[in-house]
Structures are given as C-alpha cells and as structure tokens.
$ cat my_file-v1.txt   # compact mmCIF, C-alpha atoms
# COMPACT_ATOMS: atom_id res chain seq x y z
CA MET E 24 24.97 -7.96 -9.09
CA ASN E 25 21.53 -9.30 -8.32
CA SER E 26 20.61 -7.87 -4.91
CA PHE E 27 17.32 -9.76 -4.66
CA ALA E 28 16.86 -11.49 -1.31
CA SER E 29 17.82 -15.15 -1.44
CA PRO E 30 15.12 -17.84 -1.52
CA GLN E 31 16.17 -18.82 2.00
CA THR E 32 14.88 -15.48 3.32
CA LEU E 33 11.49 -15.84 1.65
CA VAL E 34 9.03 -18.69 1.73
CA ASP E 35 9.06 -20.99 -1.28
CA LEU E 36 5.55 -22.01 -2.26
CA PRO E 37 4.75 -25.54 -3.43
CA PHE E 38 1.70 -24.47 -5.44
CA SER E 39 0.83 -21.91 -8.05
CA LEU E 40 -0.48 -18.62 -6.72
CA SER E 41 -3.28 -16.56 -8.16
CA ALA E 42 -2.23 -13.28 -9.76
CA ASP E 43 -3.56 -11.31 -6.76
CA ASP E 44 -1.81 -13.56 -4.24
CA LEU E 45 1.48 -13.35 -6.12
CA TYR E 46 1.15 -9.57 -6.30
CA SER E 47 0.44 -9.40 -2.56
CA ARG E 48 3.45 -11.53 -1.66
CA VAL E 49 5.87 -9.62 -3.85
CA PHE E 50 4.54 -6.27 -2.62
CA GLU E 51 4.78 -7.45 1.00
CA ALA E 52 8.39 -8.51 0.42
CA ILE E 53 9.11 -4.97 -0.78
CA LEU E 54 7.28 -3.38 2.16
CA GLU E 55 9.18 -5.58 4.61
CA GLN E 56 12.48 -4.51 3.02
CA ARG E 57 13.29 -8.05 1.92
CA LEU E 58 13.54 -6.40 -1.46
CA HIS E 59 15.50 -3.25 -0.74
CA PRO E 60 15.06 0.18 -2.40
CA GLY E 61 17.03 0.21 -5.63
CA SER E 62 17.59 -3.55 -5.61
CA ARG E 63 17.36 -5.36 -8.92
CA MET E 64 15.87 -8.74 -9.69
CA THR E 65 15.01 -11.04 -12.55
CA GLU E 66 11.78 -12.75 -13.50
CA ASP E 67 13.55 -16.07 -12.93
CA SER E 68 14.68 -15.20 -9.39
CA LEU E 69 11.19 -14.07 -8.42
CA GLY E 70 9.64 -17.10 -10.06
CA GLN E 71 11.93 -19.49 -8.19
CA THR E 72 11.28 -17.76 -4.88
CA PHE E 73 7.51 -17.60 -5.18
CA GLY E 74 6.90 -20.76 -7.17
CA ALA E 75 5.48 -18.85 -10.14
CA ARG E 76 5.89 -18.91 -13.91
CA ARG E 77 7.82 -16.15 -15.64
CA SER E 78 4.64 -14.99 -17.37
CA GLU E 79 2.91 -14.67 -13.98
CA VAL E 80 5.85 -12.77 -12.53
CA ARG E 81 5.93 -10.50 -15.56
CA GLY E 82 2.27 -9.60 -14.99
CA VAL E 83 2.94 -8.72 -11.35
CA LEU E 84 5.98 -6.62 -12.24
CA THR E 85 3.93 -4.76 -14.82
CA ARG E 86 1.20 -4.09 -12.27
CA LEU E 87 3.75 -2.85 -9.73
CA SER E 88 5.40 -0.66 -12.37
CA HIS E 89 2.05 1.02 -13.06
CA GLN E 90 1.97 1.86 -9.34
CA GLN E 91 5.57 3.16 -9.55
CA ILE E 92 6.70 0.52 -7.02
CA ILE E 93 8.88 -1.27 -9.57
CA ILE E 94 10.89 0.52 -12.26
CA LEU E 95 10.89 -1.21 -15.64
CA ARG E 96 13.27 -0.03 -18.35
CA PRO E 97 14.21 -1.71 -21.65
CA ASN E 98 17.41 -3.78 -21.40
CA HIS E 99 17.57 -3.33 -17.61
CA ARG E 100 16.56 -5.68 -14.83
CA PRO E 101 13.47 -4.58 -12.87
CA ARG E 102 14.34 -2.64 -9.72
CA VAL E 103 12.51 -1.49 -6.62
CA ALA E 104 11.71 2.22 -6.61
CA ALA E 105 13.40 4.40 -3.99
CA MET E 106 11.11 7.14 -2.68
CA GLU E 107 12.50 10.67 -2.43
CA ALA E 108 11.49 13.37 0.05
CA GLU E 109 9.80 15.70 -2.45
CA GLN E 110 7.99 12.82 -4.15
CA THR E 111 6.66 11.76 -0.74
CA ARG E 112 5.41 15.27 0.08
CA GLN E 113 3.65 15.61 -3.26
CA THR E 114 2.10 12.15 -2.90
CA LEU E 115 0.71 13.01 0.54
CA HIS E 116 -0.71 16.33 -0.66
CA ALA E 117 -2.41 14.77 -3.68
CA ARG E 118 -3.74 11.89 -1.60
CA ARG E 119 -5.39 14.24 0.88
CA LEU E 120 -7.16 16.19 -1.87
CA ALA E 121 -8.45 13.01 -3.52
CA GLU E 122 -9.37 10.97 -0.47
CA ILE E 123 -11.35 13.64 1.36
CA THR E 124 -13.58 13.99 -1.71
CA LEU E 125 -13.93 10.22 -2.04
CA VAL E 126 -14.99 9.69 1.57
CA ARG E 127 -17.68 12.36 1.16
CA LEU E 128 -19.00 10.49 -1.88
CA ALA E 129 -18.82 7.16 -0.05
CA CYS E 130 -21.00 8.55 2.76
CA GLN E 131 -23.71 9.35 0.20
CA GLN E 132 -23.96 5.76 -1.05
CA PRO E 133 -22.68 3.14 1.41
CA GLN E 134 -23.26 -0.17 -0.38
CA PRO E 135 -23.67 -3.50 1.46
CA ASP E 136 -21.17 -5.44 -0.66
CA HIS E 137 -18.45 -2.82 -0.21
CA LEU E 138 -19.24 -2.49 3.50
CA ALA E 139 -18.87 -6.23 3.94
CA ARG E 140 -15.47 -6.20 2.23
CA LEU E 141 -14.37 -3.25 4.35
CA HIS E 142 -15.37 -5.04 7.56
CA ALA E 143 -13.47 -8.13 6.37
CA ILE E 144 -10.33 -6.09 5.70
CA ILE E 145 -10.49 -4.55 9.17
CA GLU E 146 -10.88 -8.00 10.72
CA ARG E 147 -7.77 -9.17 8.87
CA GLU E 148 -5.90 -6.03 9.98
CA ARG E 149 -6.92 -6.70 13.56
CA HIS E 150 -5.25 -10.11 13.58
CA CYS E 151 -2.28 -9.26 11.36
CA SER E 152 1.18 -9.36 12.93
CA THR E 153 3.30 -9.09 9.77
CA PRO E 154 4.44 -5.50 9.07
CA GLY E 155 4.37 -5.73 5.28
CA ARG E 156 0.98 -7.38 5.20
CA ALA E 157 -0.39 -4.87 7.71
CA LEU E 158 0.72 -2.00 5.47
CA ARG E 159 -0.84 -3.63 2.43
CA LEU E 160 -4.13 -4.30 4.24
CA SER E 161 -4.22 -0.71 5.46
CA GLY E 162 -3.87 0.45 1.87
CA ALA E 163 -6.53 -2.03 0.76
CA PHE E 164 -9.01 -0.47 3.20
CA HIS E 165 -8.56 2.98 1.70
CA LEU E 166 -8.82 1.68 -1.86
CA GLU E 167 -11.99 -0.30 -1.14
CA LEU E 168 -13.52 2.79 0.46
CA ALA E 169 -12.58 4.75 -2.66
CA ASP E 170 -14.24 2.15 -4.89
CA MET E 171 -17.47 2.52 -2.92
CA ALA E 172 -17.49 6.26 -3.65
CA GLY E 173 -18.54 5.53 -7.23
CA ASN E 174 -16.10 7.87 -8.99
CA ALA E 175 -13.84 5.58 -11.00
CA PRO E 176 -11.33 8.20 -12.26
CA LEU E 177 -10.79 9.61 -8.78
CA ALA E 178 -10.54 6.15 -7.24
CA HIS E 179 -8.01 5.19 -9.92
CA PHE E 180 -5.98 8.29 -9.06
CA LEU E 181 -5.99 7.36 -5.37
CA GLY E 182 -4.96 3.86 -6.40
CA SER E 183 -1.72 5.33 -7.75
CA LEU E 184 -1.02 7.16 -4.47
CA VAL E 185 -1.81 4.64 -1.74
CA PRO E 186 0.87 2.07 -2.75
CA LEU E 187 3.46 4.87 -2.92
CA THR E 188 2.47 5.98 0.58
CA SER E 189 2.93 2.42 1.85
CA LEU E 190 6.31 2.25 0.11
CA ALA E 191 7.40 5.53 1.74
CA ILE E 192 6.32 4.33 5.20
CA ALA E 193 8.35 1.15 4.75
CA GLN E 194 11.44 2.78 3.25
CA PHE E 195 11.63 5.65 5.75
CA ASP E 196 10.76 3.32 8.65
CA ALA E 197 7.90 5.64 9.59
CA GLN E 198 5.66 3.40 11.67
CA ASP E 199 4.15 4.15 15.06
CA GLU E 200 3.77 1.04 17.19
CA ASP E 201 1.32 2.82 19.50
CA TYR E 202 -1.01 3.77 16.64
CA CYS E 203 -3.64 1.20 15.76
CA ASP E 204 -4.74 1.47 12.13
CA TRP E 205 -7.58 -1.02 12.36
CA GLN E 206 -9.29 0.87 15.18
CA VAL E 207 -9.04 4.14 13.24
CA HIS E 208 -10.36 2.43 10.12
CA GLN E 209 -13.26 0.99 12.14
CA GLY E 210 -14.20 4.49 13.31
CA ILE E 211 -14.10 5.86 9.77
CA LEU E 212 -16.16 2.94 8.48
CA ASP E 213 -18.77 3.34 11.24
CA ALA E 214 -19.19 7.00 10.29
CA VAL E 215 -19.49 6.16 6.59
CA GLU E 216 -21.96 3.37 7.27
CA GLN E 217 -24.14 5.75 9.30
CA GLN E 218 -23.71 8.42 6.60
CA GLU E 219 -22.22 10.85 9.11
CA MET E 220 -20.20 12.75 6.54
CA ALA E 221 -18.70 15.41 8.82
CA MET E 222 -17.49 12.75 11.26
CA ALA E 223 -16.03 10.57 8.49
CA VAL E 224 -14.18 13.52 6.94
CA SER E 225 -12.88 14.64 10.35
CA MET E 226 -11.62 11.16 11.27
CA LEU E 227 -10.01 10.63 7.88
CA GLY E 228 -8.36 14.05 8.12
CA GLN E 229 -6.91 13.20 11.52
CA HIS E 230 -5.73 9.85 10.17
CA LEU E 231 -3.96 11.50 7.22
CA ASN E 232 -2.48 14.14 9.54
CA HIS E 233 -0.97 11.39 11.66
CA LEU E 234 0.38 9.63 8.57
CA GLU E 235 1.93 12.83 7.24
CA GLY E 236 3.43 13.61 10.64
CA MET E 237 5.08 10.19 10.84
CA LEU E 238 6.55 10.46 7.36
CA LEU E 239 7.75 14.05 7.62
CA ASN E 240 9.34 13.35 11.00
CA ALA E 241 11.10 10.31 9.52
CA LEU E 242 12.33 12.47 6.64
CA ARG E 243 13.71 15.08 9.08
CA GLN E 244 15.51 12.39 11.06
CA GLN E 245 16.96 10.96 7.87
CA ARG E 246 18.36 14.37 6.88
CA VAL E 247 19.92 14.83 10.34
CA ALA E 248 21.57 11.42 10.12
CA MET E 249 23.14 12.16 6.72
$ encode --input "my_file-v1.txt" --output "structure tokens"
Amino acid sequence: MNSFASPQTLVDLPFSLSADDLYSRVFEAILEQRLHPGSRMTEDSLGQTFGARRSEVRGVLTRLSHQQIIILRPNHRPRVAAMEAEQTRQTLHARRLAEITLVRLACQQPQPDHLARLHAIIERERHCSTPGRALRLSGAFHLELADMAGNAPLAHFLGSLVPLTSLAIAQFDAQDEDYCDWQVHQGILDAVEQQEMAMAVSMLGQHLNHLEGMLLNALRQQRVAM
C-alpha cells in the first residue's frame, strides 16, 4: 500500500521547481508529517504531487537518503526514516561536539557574504508561520554558520546531523511554542559578527541544551504512553 499523502493534501505546482526548491518542499512535507515515518512512496507519486520529472524527484530522494531522511533499498519503494530514541541521543551528542567547534572557528573569520545569508535566513524565520518550513530554516541557519567556519569536513559532518535533528523534532512532536528560534539565532549571530567567541559558544550551548531537553522530554513521554 502506498501511504504517501494524496495530492489533495499537498499543493500541486504548475511550474517546474529548481532542485533546491523541490528538495525543500519534499523535506517540509516530511517535517510536517504529511509524509509519515515509515511511509512509502514512488517517484511517480512525488512527481505528480510536486509537478516534477522523475529524474528530478530521483535526485531529491538521493539527496535525502544521504541525509538518512529517506531510506533507499534496491527493489523497494523509498520510505521515510523513523527516528529511534538511541539514534536521537547519539545524533544530539555528536552535533554538540561538532557545532561548538564550528562556532568557535566562525568567530575567528566572520565573512560578509555568509553574514548576509545568515541575516536573510533569520528574517525568513521571523516571518515564517509554517512548522515544517520553520524547522528547515532553523537547520539552514546552523548549516550556513558551519560553512562560514571554513572547515569543510566538519561542516559536512554537521550537515548529516542537522536534518536528522529536525526529523526527530517533527516525529517526536518536540516543539516549544514559547521558544523563539529566530531571536536565539539573532543573538548567536550578533556574537559571531562581533567575534565574541565566549558569548557565541555560551548562547549556542544554551540553545542546544534547550533542544536536547525538548527531545529527551518528548522521548520520555512517548515511553510512558506506550
């Protein structure tokens, strides 16, 4: 059975999307639980829903599989990954180790082009009212900050962890309506821009603590409900 959300629940697009836009829309559908954990799909069903060619869909699925968001196996339909508790804990631990180092490096070399993109992301976060898009933009902020650090291998490693964190937040319903990501991101960016390393590290640490607290609390509640 194909458990992919019907085209009526997603917006059909009358024009061809860029690869990045198609990726964003598919990822947002996953983060908004319109594509449920473990649900399977076909390239045709995604193509019809998003107005894209099979080759374009295939590229997006491959990209999402590299991020462990989509599971691709020979002779099986693609399916959405389902995060597990231990995988989530390990992801959070690895992310903290990587991102603290990256923000220190970013403070040493804040670059105007990266800073401009970071400010633009925050502005989009500020006006975003769609949960899936807000999660994706939040992740985009952290990845852009990592790129500015100038350590490609470490930034690539973080790039494998941030999407998984977003997926866990969505799947475990671990969001805090009273917590404003864009304001926290603005504080971190201000510290980086002023090269105040201790402040940037402290604010990022508090941000990651809050994220971990939300997820671990959601995991505890899930275990109690089972």
$ residues_near_point --input "my_file-v1.txt" --point "(-6.4, 4.2, -4.3)" --cutoff "8 Å" --atoms "only C-alpha atoms" --output "NGL selection string"
:E and (162 or 165-167 or 169 or 178-186)
$ residues_around --input "my_file-v1.txt" --residues "segment 118-131 of chain E" --least-positions-apart "3" --cutoff "7 Å" --atoms "all atoms listed in the file" --output "short mmCIF file (atom, residue, chain, number, x, y, z; two decimals) with C-alpha atoms, in the coordinates of the input"
data_model
loop_
_atom_site.label_atom_id
_atom_site.label_comp_id
_atom_site.auth_asym_id
_atom_site.auth_seq_id
_atom_site.Cartn_x
_atom_site.Cartn_y
_atom_site.Cartn_z
CA THR E 114 2.10 12.15 -2.90
CA LEU E 115 0.71 13.01 0.54
CA LEU E 168 -13.52 2.79 0.46
CA ALA E 169 -12.58 4.75 -2.66
CA MET E 171 -17.47 2.52 -2.92
CA ALA E 172 -17.49 6.26 -3.65
CA LEU E 177 -10.79 9.61 -8.78
CA LEU E 181 -5.99 7.36 -5.37
CA LEU E 184 -1.02 7.16 -4.47
CA VAL E 215 -19.49 6.16 6.59
CA GLU E 216 -21.96 3.37 7.27
CA GLN E 218 -23.71 8.42 6.60
CA GLU E 219 -22.22 10.85 9.11
CA MET E 220 -20.20 12.75 6.54
CA VAL E 224 -14.18 13.52 6.94
#
$ atom_distance --input "my_file-v1.txt" --atom1 "atom CA of Ile211 of chain E" --atom2 "atom CA of Gly236 of chain E"
19.2 Å
$ closest_residue --input "my_file-v1.txt" --among "E:Ser41, E:Thr188, E:Ser68, E:Gln217" --to "Gln91 of chain E" --atoms "all atoms listed in the file"
E:Thr188
$ closest_residue --input "my_file-v1.txt" --among "E:Ala104, E:Cys203, E:Met237, E:Leu54" --to "Ile145 of chain E" --atoms "all atoms listed in the file"
E:Cys203
$ atom_distance --input "my_file-v1.txt" --atom1 "atom CA of Leu231 of chain E" --atom2 "atom CA of Asp196 of chain E"
16.9 Å
$ closest_residue --input "my_file-v1.txt" --among "E:Ala223, E:Leu187, E:Leu138, E:Leu234" --to "Asp204 of chain E" --atoms "all atoms listed in the file"
E:Leu234
$ closest_residue --input "my_file-v1.txt" --among "E:Gln132, E:Leu58, E:Glu51, E:Ala42" --to "Arg77 of chain E" --atoms "all atoms listed in the file"
E:Ala42
$ atom_distance --input "my_file-v1.txt" --atom1 "atom CA of Phe73 of chain E" --atom2 "atom CA of Leu95 of chain E"
19.7 Å
$ closest_residue --input "my_file-v1.txt" --among "E:Asn240, E:Asp136, E:Glu200, E:His233" --to "Ser152 of chain E" --atoms "only C-alpha atoms"
E:Glu200
$ closest_residue --input "my_file-v1.txt" --among "E:Arg112, E:Arg48, E:Arg140, E:Arg147" --to "Ala191 of chain E" --atoms "all atoms listed in the file"
E:Arg112
$ residues_around --input "my_file-v1.txt" --residues "Arg100 of chain E" --least-positions-apart "2" --cutoff "10 Å" --atoms "all atoms listed in the file" --output "PDB file with C-alpha atoms, keeping the file's coordinate frame"
ATOM      1  CA  ASN E  25      21.530  -9.300  -8.320  1.00  0.00           C
ATOM      2  CA  SER E  62      17.590  -3.550  -5.610  1.00  0.00           C
ATOM      3  CA  ARG E  63      17.360  -5.360  -8.920  1.00  0.00           C
ATOM      4  CA  MET E  64      15.870  -8.740  -9.690  1.00  0.00           C
ATOM      5  CA  THR E  65      15.010 -11.040 -12.550  1.00  0.00           C
ATOM      6  CA  GLU E  66      11.780 -12.750 -13.500  1.00  0.00           C
ATOM      7  CA  ILE E  94      10.890   0.520 -12.260  1.00  0.00           C
ATOM      8  CA  LEU E  95      10.890  -1.210 -15.640  1.00  0.00           C
ATOM      9  CA  ARG E  96      13.270  -0.030 -18.350  1.00  0.00           C
ATOM     10  CA  PRO E  97      14.210  -1.710 -21.650  1.00  0.00           C
ATOM     11  CA  ASN E  98      17.410  -3.780 -21.400  1.00  0.00           C
ATOM     12  CA  ARG E 102      14.340  -2.640  -9.720  1.00  0.00           C
TER      13      ARG E 102
END
$ axis_aligned_box --input "my_file-v1.txt" --around "segment 219-227 of chain E" --padding-each-side "3 Å" --output "JSON"
{"center_x": -16.1, "center_y": 13.0, "center_z": 8.9, "size_x": 18.2, "size_y": 10.8, "size_z": 10.7}
